[in-house]
>>> print(open('entry09.cif').read())   # mmCIF, C-alpha atoms and all ligand atoms
data_query
loop_
_atom_site.label_atom_id
_atom_site.label_comp_id
_atom_site.auth_asym_id
_atom_site.auth_seq_id
_atom_site.Cartn_x
_atom_site.Cartn_y
_atom_site.Cartn_z
CA MET Z 1 -41.84 -15.17 14.86
CA LEU Z 2 -42.25 -16.83 18.17
CA PRO Z 3 -45.86 -16.43 19.15
CA CYS Z 4 -47.23 -17.31 15.75
CA SER Z 5 -44.92 -20.17 15.14
CA SER Z 6 -45.75 -21.82 18.42
CA ARG Z 7 -48.38 -24.02 16.84
CA GLY Z 8 -48.19 -27.72 17.33
CA ASP Z 9 -44.83 -29.39 17.11
CA SER Z 10 -43.78 -28.26 13.69
CA ASN Z 11 -41.29 -25.76 15.02
CA GLY Z 12 -40.11 -27.62 18.03
CA HIS Z 13 -42.53 -26.00 20.46
CA SER Z 14 -44.07 -28.59 22.66
CA THR Z 15 -47.81 -28.62 22.94
CA SER Z 16 -47.70 -31.03 25.80
CA PRO Z 17 -49.58 -29.63 28.75
CA ALA Z 18 -46.81 -30.83 30.98
CA THR Z 19 -44.05 -28.83 29.35
CA ILE Z 20 -43.14 -25.20 28.89
CA THR Z 21 -41.64 -24.21 25.61
CA THR Z 22 -38.19 -22.85 26.30
CA THR Z 23 -37.30 -21.42 22.93
CA THR Z 24 -34.88 -18.52 23.26
CA THR Z 25 -36.69 -15.23 23.35
CA THR Z 26 -36.09 -12.85 20.49
CA THR Z 27 -38.91 -10.42 20.88
CA SER Z 28 -37.24 -7.74 22.95
CA GLN Z 29 -34.63 -7.31 20.29
CA SER Z 30 -37.03 -7.36 17.40
CA LEU Z 31 -39.65 -5.10 18.98
CA SER Z 32 -40.52 -1.86 17.29
CA HIS Z 33 -38.18 1.06 17.91
CA ARG Z 34 -41.06 3.40 18.38
CA GLU Z 35 -41.65 4.42 21.96
CA ARG Z 36 -44.90 2.99 23.22
CA ARG Z 37 -47.09 5.93 23.99
CA LYS Z 38 -49.06 4.13 26.61
CA VAL Z 39 -48.57 0.89 28.37
CA ARG Z 40 -51.21 -1.49 27.04
CA ARG Z 41 -51.59 0.49 23.82
CA LEU Z 42 -50.84 -1.78 20.94
CA SER Z 43 -47.80 -1.56 18.75
CA ARG Z 44 -48.54 0.24 15.51
CA ASP Z 45 -45.56 -1.07 13.68
CA ALA Z 46 -46.99 -4.18 12.16
CA SER Z 47 -47.65 -3.31 8.59
CA SER Z 48 -49.37 -6.24 7.01
CA ALA Z 49 -52.17 -8.49 8.05
CA ASP Z 50 -51.28 -11.73 6.40
CA GLY Z 51 -50.71 -15.09 8.05
CA ALA Z 52 -51.43 -18.61 7.00
CA ALA Z 53 -54.45 -20.36 8.41
CA ASP Z 54 -53.78 -23.21 10.74
CA ALA Z 55 -54.16 -26.25 8.57
CA GLU Z 56 -54.95 -28.63 11.39
CA ARG Z 57 -57.79 -26.65 12.97
CA ASP Z 58 -59.67 -23.55 12.05
CA ALA Z 59 -57.56 -21.35 14.28
CA PRO Z 60 -57.52 -17.77 13.02
CA PRO Z 61 -54.27 -16.78 11.37
CA CYS Z 62 -51.69 -15.09 13.52
CA THR Z 63 -51.06 -11.81 11.73
CA ASP Z 64 -48.08 -9.51 11.92
CA PHE Z 65 -50.28 -7.31 14.11
CA ASP Z 66 -50.72 -10.22 16.49
CA VAL Z 67 -46.98 -10.78 16.56
CA ALA Z 68 -46.42 -7.13 17.48
CA TYR Z 69 -49.17 -7.42 20.08
CA PHE Z 70 -47.56 -10.40 21.78
CA GLN Z 71 -44.16 -8.75 21.59
CA SER Z 72 -45.56 -5.78 23.47
CA TYR Z 73 -46.45 -8.16 26.29
CA SER Z 74 -42.90 -9.49 26.53
CA HIS Z 75 -41.86 -6.28 28.28
CA LEU Z 76 -41.59 -6.25 32.03
CA GLY Z 77 -43.06 -2.77 32.50
CA ILE Z 78 -46.50 -3.66 31.21
CA HIS Z 79 -46.78 -6.56 33.68
CA GLU Z 80 -45.38 -4.47 36.50
CA GLU Z 81 -48.02 -1.82 35.89
CA MET Z 82 -50.82 -4.38 35.83
CA ILE Z 83 -49.65 -6.15 38.97
CA LYS Z 84 -49.16 -2.84 40.78
CA ASP Z 85 -52.75 -1.93 39.92
CA HIS Z 86 -54.06 -3.18 43.25
CA VAL Z 87 -57.69 -2.55 42.38
CA ARG Z 88 -57.28 -4.96 39.49
CA THR Z 89 -55.07 -7.59 41.06
CA ASP Z 90 -56.79 -7.65 44.46
CA THR Z 91 -60.19 -8.00 42.84
CA TYR Z 92 -59.01 -10.98 40.82
CA ARG Z 93 -57.47 -12.57 43.90
CA ASN Z 94 -60.65 -11.92 45.90
CA ALA Z 95 -62.69 -13.51 43.12
CA ILE Z 96 -60.48 -16.58 43.03
CA PHE Z 97 -60.79 -17.04 46.78
CA LYS Z 98 -64.50 -16.30 46.72
CA TYR Z 99 -64.89 -19.29 44.40
CA LYS Z 100 -62.32 -21.42 46.22
CA HIS Z 101 -65.00 -24.04 46.78
CA LEU Z 102 -65.44 -24.33 43.00
CA ILE Z 103 -61.72 -24.16 42.19
CA ALA Z 104 -60.30 -26.60 44.75
CA GLY Z 105 -59.46 -29.91 43.09
CA LYS Z 106 -60.48 -28.61 39.67
CA VAL Z 107 -58.78 -27.86 36.35
CA VAL Z 108 -58.26 -24.24 35.36
CA VAL Z 109 -57.08 -22.53 32.19
CA ASP Z 110 -55.59 -19.05 32.58
CA VAL Z 111 -56.05 -17.32 29.22
CA GLY Z 112 -53.07 -14.99 28.85
CA CYS Z 113 -51.20 -15.81 32.05
CA GLY Z 114 -48.54 -13.10 31.72
CA THR Z 115 -46.24 -13.50 34.72
CA GLY Z 116 -48.46 -16.32 35.99
CA ILE Z 117 -49.93 -14.39 38.87
CA LEU Z 118 -53.56 -15.47 38.41
CA SER Z 119 -52.50 -19.08 37.83
CA ILE Z 120 -50.60 -19.00 41.10
CA PHE Z 121 -53.61 -17.57 42.93
CA CYS Z 122 -55.65 -20.46 41.52
CA ALA Z 123 -53.03 -22.96 42.69
CA GLN Z 124 -53.15 -21.33 46.12
CA ALA Z 125 -56.93 -21.76 46.06
CA GLY Z 126 -56.38 -25.49 45.63
CA ALA Z 127 -56.71 -26.05 41.89
CA LYS Z 128 -55.68 -29.56 40.84
CA ARG Z 129 -54.12 -28.31 37.60
CA VAL Z 130 -53.75 -24.92 35.98
CA TYR Z 131 -52.91 -24.48 32.31
CA ALA Z 132 -51.19 -21.08 32.11
CA VAL Z 133 -51.28 -20.06 28.45
CA ASP Z 134 -49.47 -17.10 26.95
CA ALA Z 135 -48.22 -16.44 23.46
CA SER Z 136 -45.85 -13.74 24.60
CA ASP Z 137 -42.31 -14.54 25.66
CA ILE Z 138 -43.29 -13.50 29.18
CA ALA Z 139 -44.36 -17.16 29.42
CA VAL Z 140 -40.69 -18.04 29.85
CA GLN Z 141 -40.48 -15.92 32.97
CA ALA Z 142 -43.87 -17.19 34.15
CA ASN Z 143 -42.48 -20.70 34.05
CA GLU Z 144 -39.47 -19.66 36.11
CA VAL Z 145 -41.71 -17.98 38.68
CA ILE Z 146 -43.82 -21.11 38.92
CA ASN Z 147 -40.77 -23.33 39.35
CA ALA Z 148 -39.33 -21.00 41.98
CA ASN Z 149 -42.57 -21.28 43.93
CA ASN Z 150 -42.57 -25.09 43.72
CA LEU Z 151 -45.81 -25.08 41.75
CA SER Z 152 -44.64 -26.82 38.60
CA ASP Z 153 -46.60 -29.96 39.45
CA THR Z 154 -49.80 -27.92 39.43
CA VAL Z 155 -49.25 -25.07 36.98
CA LYS Z 156 -48.34 -26.03 33.41
CA VAL Z 157 -47.17 -23.14 31.28
CA LEU Z 158 -48.08 -23.37 27.61
CA HIS Z 159 -46.17 -20.90 25.48
CA GLY Z 160 -48.42 -20.28 22.52
CA ARG Z 161 -51.75 -18.85 21.45
CA VAL Z 162 -54.89 -20.12 23.09
CA GLU Z 163 -56.11 -20.64 19.56
CA ASP Z 164 -53.22 -23.02 18.85
CA VAL Z 165 -52.09 -24.86 21.98
CA GLU Z 166 -53.50 -28.27 22.80
CA ILE Z 167 -55.01 -29.20 26.15
CA ASP Z 168 -56.06 -32.82 26.32
CA GLU Z 169 -58.86 -32.48 28.83
CA GLU Z 170 -61.89 -30.35 29.55
CA VAL Z 171 -61.47 -27.63 32.14
CA ASP Z 172 -63.75 -26.53 34.98
CA ILE Z 173 -62.70 -22.89 35.16
CA ILE Z 174 -61.49 -20.21 32.78
CA ILE Z 175 -59.80 -17.20 34.28
CA SER Z 176 -58.54 -14.29 32.23
CA GLU Z 177 -57.67 -10.66 32.53
CA TRP Z 178 -58.53 -9.70 28.98
CA MET Z 179 -59.95 -6.19 29.24
CA GLY Z 180 -58.48 -3.43 27.11
CA TYR Z 181 -59.11 0.29 27.12
CA MET Z 182 -62.79 0.94 26.47
CA LEU Z 183 -63.19 -2.71 27.38
CA LEU Z 184 -62.98 -4.08 23.86
CA TYR Z 185 -59.76 -2.52 22.58
CA GLU Z 186 -57.14 -5.29 22.07
CA SER Z 187 -59.93 -7.77 21.18
CA MET Z 188 -58.60 -10.29 23.64
CA LEU Z 189 -62.06 -11.40 24.72
CA GLY Z 190 -62.24 -13.37 21.49
CA SER Z 191 -59.48 -15.61 22.81
CA VAL Z 192 -61.45 -16.24 26.00
CA ILE Z 193 -64.42 -17.26 23.86
CA THR Z 194 -62.15 -19.58 21.90
CA ALA Z 195 -60.90 -21.16 25.14
CA ARG Z 196 -64.50 -21.49 26.39
CA ASP Z 197 -65.63 -23.19 23.22
CA ARG Z 198 -62.60 -25.49 23.08
CA TRP Z 199 -62.30 -26.67 26.66
CA LEU Z 200 -64.90 -25.46 29.21
CA LYS Z 201 -67.10 -28.18 30.70
CA PRO Z 202 -70.84 -27.53 30.71
CA GLY Z 203 -71.61 -25.67 33.93
CA GLY Z 204 -68.01 -24.48 34.24
CA LEU Z 205 -66.99 -21.14 35.70
CA ILE Z 206 -65.69 -18.13 33.78
CA LEU Z 207 -63.97 -15.34 35.73
CA PRO Z 208 -64.95 -12.62 35.11
CA SER Z 209 -68.41 -13.65 34.00
CA HIS Z 210 -69.86 -10.40 32.68
CA ALA Z 211 -68.61 -7.06 31.43
CA THR Z 212 -70.28 -3.74 30.74
CA LEU Z 213 -69.04 -0.74 28.78
CA TYR Z 214 -70.51 2.64 29.76
CA MET Z 215 -70.37 6.14 28.33
CA ALA Z 216 -71.37 9.60 29.53
CA PRO Z 217 -70.93 13.21 28.40
CA VAL Z 218 -68.25 15.07 30.33
CA THR Z 219 -67.05 18.55 31.06
CA ASN Z 220 -63.31 19.01 31.53
CA PRO Z 221 -62.43 22.72 31.47
CA ASP Z 222 -59.00 22.17 33.04
CA ARG Z 223 -57.92 19.78 30.31
CA TYR Z 224 -59.29 22.03 27.61
CA SER Z 225 -57.53 24.99 29.11
CA GLN Z 226 -54.18 23.20 29.50
CA SER Z 227 -54.17 21.92 25.94
CA ILE Z 228 -55.90 24.72 24.04
CA ASP Z 229 -56.28 27.99 25.94
CA PHE Z 230 -52.61 27.79 26.89
CA TRP Z 231 -51.72 28.91 23.36
CA ARG Z 232 -53.71 32.10 23.60
CA ASN Z 233 -51.13 33.75 25.79
CA VAL Z 234 -47.63 32.29 25.91
CA TYR Z 235 -45.21 34.55 27.81
CA GLY Z 236 -47.44 37.45 26.77
CA ILE Z 237 -47.35 36.40 23.10
CA ASP Z 238 -50.58 35.64 21.25
CA MET Z 239 -50.00 32.14 19.86
CA SER Z 240 -53.67 31.53 19.04
CA ALA Z 241 -52.53 30.56 15.57
CA MET Z 242 -51.46 27.30 17.20
CA VAL Z 243 -54.97 26.53 18.43
CA PRO Z 244 -56.23 24.56 15.39
CA LEU Z 245 -53.14 22.36 15.50
CA ALA Z 246 -53.42 22.03 19.28
CA LYS Z 247 -57.02 20.87 18.91
CA GLN Z 248 -56.03 18.34 16.32
CA CYS Z 249 -53.15 17.02 18.41
CA ALA Z 250 -55.08 16.94 21.67
CA PHE Z 251 -58.43 15.74 20.48
CA GLU Z 252 -58.11 13.80 17.24
CA GLU Z 253 -57.58 10.46 18.92
CA PRO Z 254 -59.17 8.93 22.00
CA SER Z 255 -57.34 10.01 25.11
CA VAL Z 256 -56.69 7.69 28.04
CA GLU Z 257 -56.75 9.79 31.19
CA THR Z 258 -58.22 9.92 34.65
CA ILE Z 259 -61.29 12.05 35.29
CA SER Z 260 -63.46 12.19 38.40
CA GLY Z 261 -67.17 11.79 38.98
CA GLU Z 262 -67.41 15.60 38.99
CA ASN Z 263 -66.54 15.69 35.28
CA VAL Z 264 -69.51 13.52 34.39
CA LEU Z 265 -72.63 15.39 33.29
CA THR Z 266 -75.31 12.65 33.16
CA TRP Z 267 -76.10 9.19 34.34
CA PRO Z 268 -74.01 6.68 32.40
CA HIS Z 269 -75.38 4.91 29.37
CA VAL Z 270 -74.66 1.23 28.69
CA VAL Z 271 -72.93 0.83 25.34
CA LYS Z 272 -72.45 -2.93 25.51
CA HIS Z 273 -73.09 -5.68 28.00
CA VAL Z 274 -71.26 -8.97 27.57
CA ASP Z 275 -72.15 -12.30 29.08
CA CYS Z 276 -68.92 -14.28 28.81
CA TYR Z 277 -70.84 -17.56 28.92
CA THR Z 278 -72.82 -16.84 25.78
CA VAL Z 279 -71.23 -14.05 23.76
CA THR Z 280 -70.03 -14.98 20.28
CA LEU Z 281 -67.10 -13.71 18.25
CA THR Z 282 -69.50 -12.12 15.77
CA GLU Z 283 -71.22 -10.15 18.54
CA LEU Z 284 -67.89 -8.58 19.42
CA GLU Z 285 -67.25 -7.22 15.96
CA THR Z 286 -69.48 -4.22 16.51
CA ALA Z 287 -71.41 -2.42 19.23
CA GLU Z 288 -74.01 0.18 18.31
CA THR Z 289 -76.22 2.17 20.63
CA LYS Z 290 -78.37 5.27 20.71
CA PHE Z 291 -78.38 7.49 23.78
CA ARG Z 292 -80.69 10.18 25.21
CA LEU Z 293 -79.24 11.80 28.29
CA HIS Z 294 -80.02 14.92 30.30
CA SER Z 295 -77.30 17.11 31.68
CA MET Z 296 -77.38 17.38 35.44
CA MET Z 297 -75.81 20.85 35.32
CA ARG Z 298 -75.00 23.85 33.22
CA ALA Z 299 -71.48 23.36 31.86
CA PRO Z 300 -69.39 23.28 28.72
CA LEU Z 301 -69.69 19.81 27.21
CA HIS Z 302 -66.22 18.77 26.10
CA GLY Z 303 -66.80 15.22 24.96
CA PHE Z 304 -67.68 11.73 26.09
CA ALA Z 305 -65.98 9.40 28.53
CA PHE Z 306 -66.04 5.61 28.30
CA TRP Z 307 -65.29 3.14 31.07
CA PHE Z 308 -66.23 -0.39 32.04
CA ASP Z 309 -66.75 -2.80 34.85
CA VAL Z 310 -66.50 -6.57 35.02
CA GLU Z 311 -68.41 -8.82 37.38
CA PHE Z 312 -67.24 -12.06 38.90
CA GLY Z 313 -70.50 -13.98 38.97
CA GLY Z 314 -70.94 -17.70 39.45
CA PRO Z 315 -71.31 -20.42 36.83
CA ALA Z 316 -74.01 -19.71 34.26
CA ASP Z 317 -76.44 -22.33 35.49
CA LEU Z 318 -76.08 -21.66 39.21
CA PRO Z 319 -78.82 -19.68 40.95
CA THR Z 320 -77.82 -16.32 42.38
CA SER Z 321 -78.22 -17.46 45.97
CA ASN Z 322 -74.99 -18.54 47.58
CA GLY Z 323 -73.63 -15.04 47.21
CA ASP Z 324 -73.12 -15.40 43.50
CA LEU Z 325 -73.89 -12.54 41.20
CA SER Z 326 -75.79 -13.00 38.02
CA SER Z 327 -75.99 -9.76 36.12
CA ASP Z 328 -78.57 -10.90 33.61
CA ASN Z 329 -81.15 -9.81 36.09
CA ASN Z 330 -81.45 -6.41 34.60
CA ASN Z 331 -82.81 -6.91 31.18
CA CYS Z 332 -79.71 -6.07 29.26
CA LYS Z 333 -79.59 -8.32 26.23
CA ASN Z 334 -78.66 -6.87 22.86
CA GLY Z 335 -76.51 -4.06 24.06
CA GLY Z 336 -78.47 -3.70 27.26
CA GLN Z 337 -79.05 0.04 27.30
CA ARG Z 338 -81.45 -0.39 30.19
CA LYS Z 339 -78.93 -2.13 32.37
CA ARG Z 340 -78.43 -0.16 35.50
CA ARG Z 341 -74.93 0.51 36.68
CA THR Z 342 -73.54 -2.50 38.49
CA ASN Z 343 -73.68 -1.97 42.22
CA PRO Z 344 -70.34 -3.09 43.66
CA SER Z 345 -72.05 -3.94 46.95
CA GLU Z 346 -74.14 -6.59 45.13
CA GLY Z 347 -71.21 -8.76 44.17
CA LEU Z 348 -67.60 -8.78 43.20
CA VAL Z 349 -67.05 -6.06 40.64
CA LEU Z 350 -63.92 -4.54 39.15
CA SER Z 351 -64.93 -1.02 38.21
CA THR Z 352 -63.02 1.56 36.19
CA ALA Z 353 -65.67 4.25 36.67
CA PRO Z 354 -64.60 7.85 37.27
CA GLU Z 355 -66.11 7.85 40.76
CA ASP Z 356 -64.29 4.66 41.80
CA PRO Z 357 -60.64 4.23 42.81
CA PRO Z 358 -58.39 4.71 39.77
CA THR Z 359 -56.97 1.80 37.82
CA HIS Z 360 -54.35 1.60 35.10
CA TRP Z 361 -57.20 1.57 32.56
CA GLN Z 362 -58.21 5.08 33.65
CA GLN Z 363 -61.05 6.32 31.43
CA THR Z 364 -61.08 6.84 27.67
CA LEU Z 365 -62.12 10.30 26.50
CA ILE Z 366 -63.37 11.32 23.08
CA TYR Z 367 -63.06 15.09 22.98
CA PHE Z 368 -64.86 17.46 20.63
CA TYR Z 369 -62.83 20.11 18.87
CA GLU Z 370 -65.23 22.75 20.24
CA PRO Z 371 -67.11 22.58 23.53
CA ILE Z 372 -70.89 22.93 23.51
CA GLU Z 373 -72.54 24.94 26.28
CA VAL Z 374 -75.36 22.90 27.84
CA GLU Z 375 -77.97 23.97 30.36
CA GLN Z 376 -79.17 21.92 33.29
CA ASP Z 377 -81.64 19.25 32.07
CA GLN Z 378 -80.67 19.85 28.45
CA LEU Z 379 -80.99 16.81 26.24
CA ILE Z 380 -77.81 15.32 24.80
CA GLU Z 381 -78.63 12.61 22.31
CA GLY Z 382 -76.95 10.67 19.59
CA SER Z 383 -75.40 7.35 18.78
CA VAL Z 384 -72.11 5.58 19.01
CA THR Z 385 -70.80 2.70 16.93
CA LEU Z 386 -67.69 0.79 17.87
CA THR Z 387 -66.24 -1.51 15.24
CA GLN Z 388 -63.22 -3.72 15.12
CA SER Z 389 -60.89 -2.15 12.59
CA LYS Z 390 -60.63 -4.01 9.29
CA GLU Z 391 -56.99 -2.97 9.17
CA ASN Z 392 -56.24 -4.62 12.51
CA ARG Z 393 -59.01 -6.25 14.50
CA ARG Z 394 -57.26 -5.18 17.71
CA PHE Z 395 -57.85 -1.50 16.83
CA MET Z 396 -61.27 0.05 17.32
CA ASN Z 397 -63.11 2.50 15.07
CA ILE Z 398 -65.36 4.89 16.97
CA HIS Z 399 -68.19 6.70 15.21
CA LEU Z 400 -69.92 9.19 17.47
CA GLU Z 401 -72.90 11.35 16.51
CA TYR Z 402 -74.41 13.80 18.94
CA THR Z 403 -76.97 16.54 18.97
CA SER Z 404 -77.48 19.13 21.65
CA GLY Z 405 -79.00 22.60 21.62
CA GLY Z 406 -79.73 22.35 17.91
CA ARG Z 407 -76.15 21.44 16.95
CA THR Z 408 -75.38 18.07 15.41
CA LEU Z 409 -71.81 16.88 15.11
CA VAL Z 410 -70.03 13.72 14.03
CA LYS Z 411 -66.69 12.57 15.37
CA GLU Z 412 -64.75 9.68 13.86
CA SER Z 413 -61.76 8.35 15.70
CA VAL Z 414 -59.63 5.26 15.88
CA MET Z 415 -58.25 3.69 19.02
CA ARG Z 416 -54.92 2.26 17.88
C1 LIG Z 501 -53.62 -8.16 30.23
S1 LIG Z 501 -52.34 -9.35 30.26
C2 LIG Z 501 -52.75 -10.26 31.71
C3 LIG Z 501 -51.58 -10.99 32.29
C4 LIG Z 501 -51.86 -11.75 33.58
N1 LIG Z 501 -52.96 -12.65 33.45
C5 LIG Z 501 -52.13 -10.80 34.72
O1 LIG Z 501 -53.27 -10.74 35.17
O2 LIG Z 501 -51.21 -10.10 35.15
C6 LIG Z 501 -52.88 -10.36 28.93
C7 LIG Z 501 -51.89 -11.45 28.52
O3 LIG Z 501 -52.58 -12.30 27.61
C8 LIG Z 501 -51.70 -12.72 26.60
N2 LIG Z 501 -52.55 -13.09 25.45
C9 LIG Z 501 -53.42 -12.30 24.79
N3 LIG Z 501 -54.06 -12.98 23.83
C10 LIG Z 501 -53.59 -14.25 23.90
C11 LIG Z 501 -53.84 -15.43 23.14
N4 LIG Z 501 -54.73 -15.44 22.15
N5 LIG Z 501 -53.17 -16.55 23.46
C12 LIG Z 501 -52.25 -16.55 24.46
N6 LIG Z 501 -51.96 -15.46 25.19
C13 LIG Z 501 -52.61 -14.32 24.93
C14 LIG Z 501 -50.80 -11.52 26.39
O4 LIG Z 501 -49.58 -11.92 25.80
C15 LIG Z 501 -50.65 -11.00 27.81
O5 LIG Z 501 -49.50 -11.51 28.44
#
>>> encode(input="entry09.cif", output="structure tokens")
Amino acid sequence: MLPCSSRGDSNGHSTSPATITTTTTTTSQSLSHRERRKVRRLSRDASSADGAADAERDAPPCTDFDVAYFQSYSHLGIHEEMIKDHVRTDTYRNAIFKYKHLIAGKVVVDVGCGTGILSIFCAQAGAKRVYAVDASDIAVQANEVINANNLSDTVKVLHGRVEDVEIDEEVDIIISEWMGYMLLYESMLGSVITARDRWLKPGGLILPSHATLYMAPVTNPDRYSQSIDFWRNVYGIDMSAMVPLAKQCAFEEPSVETISGENVLTWPHVVKHVDCYTVTLTELETAETKFRLHSMMRAPLHGFAFWFDVEFGGPADLPTSNGDLSSDNNNCKNGGQRKRRTNPSEGLVLSTAPEDPPTHWQQTLIYFYEPIEVEQDQLIEGSVTLTQSKENRRFMNIHLEYTSGGRTLVKESVMR
């Protein structure tokens, strides 16, 4: 399959930084027949997790799941949705131009270039050379876009995995839009780490530089009513017998939807804080945190919401003067539960919080099967553990334990 076989020269794919691979695309035809439930949700149709290790380097094997993942990114719609997410795309462009003085005349690698939009922004900011890497067949279109904009002297499209392609120089800047739902779903950050460890010069810049995953208990009576109470009276008929099935269908899996700040019952809790300059692959395998939160109002507690923000701080060894944001100023190592919520006015932040303008990431909700009535100031405590799925490291297992008002419950779910 294309993305996996794009290692080295063995299959005719060039690894020369100066050349795009132009192998005929096959992915659209071979993509799963199943309708994708959500844009940016991963294909579930890969059934095995084999794949030979790269003999030349210790690149991780490209599994069938990875192939399906890259195929999902060969579709136009997913890129259209991302580009039309102006909160996302404008923040990246603003970040690139904020650091124009660091980008001009320098070498950039764009990890997962998609249509090439961030690479082009970097070229516009004066980059000397941009390596635009993508394992999906969208790289073919990216190359055409770059040619059509007369940028082929600056932007070199490499069609292959970051783990496999060769770049014969160190780079000054890594840019990547790698965030999945609940931040870590998709596990693409690992590829940014790989790029960092392969090519980034000491003192180089990573955009974004930091990321934080938050959670908070939520009330959402409208959603509960639409999905569950609806069955209690359907055209005057009591269909309550459907309620157990409705709960299972509506609430078994994490739900990606938009809520507002009014749904949120407490201050947010930091589940995981990531410093992209230092985080390791092992640290991304699991995130575990305990929380103790107090409800700000009396309301039915329907579940927990998760969201994230990313910060575009300066290079790791630059002081925070000069307008740069360093988020390690708030004592948030090791999961960073004490990290306060990033203040967008302090620096360049892309936020997916319920109170901020909506993005295509929305928020991720873990609903309980039964709501719990909580009083104002009532303690809601528990723990959450997020683990990369052993079945497919791009899936995420979510183990949530919570206690409130004397009731303790456990909810296991998988983001797939
Ligand atoms: C979220 S999209 C971002 C696309 C583009 N940068 C943008 O901002 O519109 C992520 C892209 O990264 C690519 N990708 C993910 N992991 C990769 C890897 N290990 N090597 C190369 N490309 C990868 C995907 O194929 C996808 O096109």
>>> closest_residue(input="entry09.cif", among="Z:Glu253, Z:Glu375, Z:Asp137, Z:Asp309", to="Lys411 of chain Z", atoms="all atoms listed in the file")
Z:Glu253
>>> atom_distance(input="entry09.cif", atom1="atom CA of Asp134 of chain Z", atom2="atom CA of Ser74 of chain Z")
10.1 Å
>>> closest_atom_pairs(input="entry09.cif", of="chain Z", to="ligand LIG 501 (chain Z)", cutoff="7 Å", atoms="only C-alpha atoms and all ligand atoms", output="Markdown table")
| residue | atom | partner | partner_atom | distance |
| --- | --- | --- | --- | --- |
| Z:Phe70 | CA | Z:LIG501 | O4 | 4.7 |
| Z:Tyr73 | CA | Z:LIG501 | O4 | 4.9 |
| Z:His79 | CA | Z:LIG501 | O2 | 5.9 |
| Z:Met82 | CA | Z:LIG501 | O2 | 5.8 |
| Z:Ile83 | CA | Z:LIG501 | O2 | 5.7 |
| Z:Thr89 | CA | Z:LIG501 | O1 | 6.9 |
| Z:Asp110 | CA | Z:LIG501 | N1 | 7.0 |
| Z:Val111 | CA | Z:LIG501 | N6 | 6.0 |
| Z:Gly112 | CA | Z:LIG501 | O3 | 3.0 |
| Z:Cys113 | CA | Z:LIG501 | N1 | 3.9 |
| Z:Gly114 | CA | Z:LIG501 | C3 | 3.7 |
| Z:Thr115 | CA | Z:LIG501 | C4 | 6.0 |
| Z:Gly116 | CA | Z:LIG501 | C4 | 6.2 |
| Z:Ile117 | CA | Z:LIG501 | O2 | 5.8 |
| Z:Leu118 | CA | Z:LIG501 | N1 | 5.7 |
| Z:Val133 | CA | Z:LIG501 | C12 | 5.4 |
| Z:Asp134 | CA | Z:LIG501 | N6 | 3.5 |
| Z:Ala135 | CA | Z:LIG501 | C12 | 4.2 |
| Z:Ser136 | CA | Z:LIG501 | O4 | 4.3 |
| Z:Ile138 | CA | Z:LIG501 | O5 | 6.6 |
| Z:Gly160 | CA | Z:LIG501 | C12 | 5.7 |
| Z:Arg161 | CA | Z:LIG501 | N5 | 3.4 |
| Z:Val162 | CA | Z:LIG501 | N5 | 4.0 |
| Z:Glu163 | CA | Z:LIG501 | N4 | 6.0 |
| Z:Ser176 | CA | Z:LIG501 | N1 | 5.9 |
| Z:Glu177 | CA | Z:LIG501 | C2 | 5.0 |
| Z:Trp178 | CA | Z:LIG501 | C1 | 5.3 |
| Z:Met179 | CA | Z:LIG501 | C1 | 6.7 |
| Z:Met188 | CA | Z:LIG501 | N3 | 5.3 |
| Z:Ser191 | CA | Z:LIG501 | N4 | 4.8 |
>>> residues_near_point(input="entry09.cif", point="(-67.7, 15.8, 28.6)", cutoff="9 Å", atoms="all atoms listed in the file", output="ChimeraX atom specification")
/Z:216-220,263-265,300-305,365-368,371
>>> residues_around(input="entry09.cif", residues="segment 172-175 of chain Z", least_positions_apart="3", cutoff="6 Å", atoms="only C-alpha atoms", output="PyMOL selection string")
chain Z and resi 107-110+200-201+204-207
>>> atom_distance(input="entry09.cif", atom1="atom CA of His399 of chain Z", atom2="atom CA of Glu412 of chain Z")
4.7 Å
>>> residues_around(input="entry09.cif", residues="segment 355-358 of chain Z", least_positions_apart="2", cutoff="6 Å", atoms="all atoms listed in the file", output="ChimeraX atom specification")
/Z:260-261,353
>>> closest_residue(input="entry09.cif", among="Z:Ser413, Z:Asn392, Z:Thr266, Z:Ser383", to="Met297 of chain Z", atoms="all atoms listed in the file")
Z:Thr266
>>> residues_around(input="entry09.cif", residues="segment 360-364 of chain Z", least_positions_apart="6", cutoff="10 Å", atoms="all atoms listed in the file", output="MDAnalysis selection string")
chainID Z and resid 39:40 81:88 179:183 215 254:260 304:308 351:354 415
